[in-house]
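A short worksheet on the structure shown next.
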Amino acid sequence: MAKSKKLEVDRILTMLQEGPSRIAEAAANVPPNLLHVPPGANGWSANDVLAHLRSCADIWGGCIEAILLAEDNPTIRAVNPRTWIENTDYVEQNFRASLRAFTGQRENLLSLLNSLPSEDWSRSATITGAGKPLVRTVHDYAEWLAVHERPHVEQIQRTVAAVTEG
């Protein structure tokens with residue numbers, strides 16, 4: 001994750017709250033089969049993008065839970081979401097069922113994050129398995145998830161527009 005000015009907690013929570021509803025809005029009146037159609041030969045379908053977002057939510061949301069629910073400063077082995085997705089059936093799932101699962105997962109994460117005292121956003125873990133060990137906080141992972149998701153939501157919007165034109 002590139003270092004930049006940290007987002008305020010309220011902004012992160014708002015971004016995480018908006019993601020699933022923005023995806024649902026983009027896909028609202030789209031025939032189910034078109035949600036599995038990529039906009040071009042090498043593009044990702046809306047369903048592919050959603051599968052990627054679910055995989056990221058599994059990994060990074062799981063890290064948040066481990067930091068908060070495990071002992072202080074746990075050690076977590078890094079897992080690449082692009083590798084993790086191969087262990088799932090997310091790409092094959094029906095878009096709307098997958099979106100419901102993603103939305104439920106997000107609601108659970110937001111419930112956890114919304115209940116945190118401000119000092120718990122600084123709780124951390126040591127991340128191994130991806131080069132030099134790194135220290136990541138709850139704030140780091142929540143921000144990473146929120147910031148990473150925004151362009152992918154826009155990608156779903158563009159993809160849906162491209163496959164429904166005509």
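We name chains A, B, ... following the order of the structure tokens; residues begin at 1 in each chain, and ligands are numbered from 1 as shown.
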
Non-local contacts of Leu13 (chain A) (9 Å; only C-alpha atoms; under 3 positions in same chain excluded) as an MDAnalysis selection string = chainID A and resid 8:10 16:18 110 113:114 142:143 146

Identify, on the basis of only C-alpha atoms, every residue whose closest approach to region 23-31 of chain A does not exceed 12 Å; exclude the query and any residue fewer than 2 positions from it along the same chain; express the result as a count of residues only.
-> 43

Which of region 5-117 of chain A counts as helix (DSSP H, G or I) under DSSP, as an MDAnalysis selection string please?
-> chainID A and resid 9:27 32:36 46:69 81:87 95:114

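DSSP secondary structure from the backbone places Thr75, Ile76, Arg77, Ser124, Ala125, Thr126, Ile127, Thr128, Leu134, Val135, Arg136 and Thr137 of chain A of region 38-166 of chain A in strand (DSSP E).
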
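Here CA of Thr137 (chain A) is placed at a distance of 5.4 Å from CA of Ser122 (chain A).
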
Which residue, A:Ala51, A:Ile64, A:Ala130, A:Ala41, has the smallest gap to Asn80 (chain A) when you use only C-alpha atoms?
-> A:Ala130

For Thr126 (chain A), list every protein, DNA or RNA residue within 7 Å, evaluated using only C-alpha atoms, and leave out those in the same chain fewer than 2 positions away; present the list as a list in words.
-> Asn73, Pro74, Thr75, Ile76, Ser124, Thr128, Pro133, Leu134, Val135 and Arg136 of chain A

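Between CA of Val138 (chain A) and CA of Arg54 (chain A) lies a distance of 18.3 Å.
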
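Among the candidates A:Leu116, A:Val91, A:Leu145, A:Leu69, the residue lying nearest to Trp44 (chain A) is A:Val91 (atoms considered: only C-alpha atoms).
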
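Proximity ranking of A:Asp58, A:Trp144, A:Lys6, A:Gly104 relative to Tyr90 (chain A) places A:Asp58 first, based on only C-alpha atoms.
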
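Among the candidates A:Thr83, A:Tyr141, A:His148, A:Thr14, the residue lying nearest to Ile67 (chain A) is A:Tyr141 (atoms considered: only C-alpha atoms).
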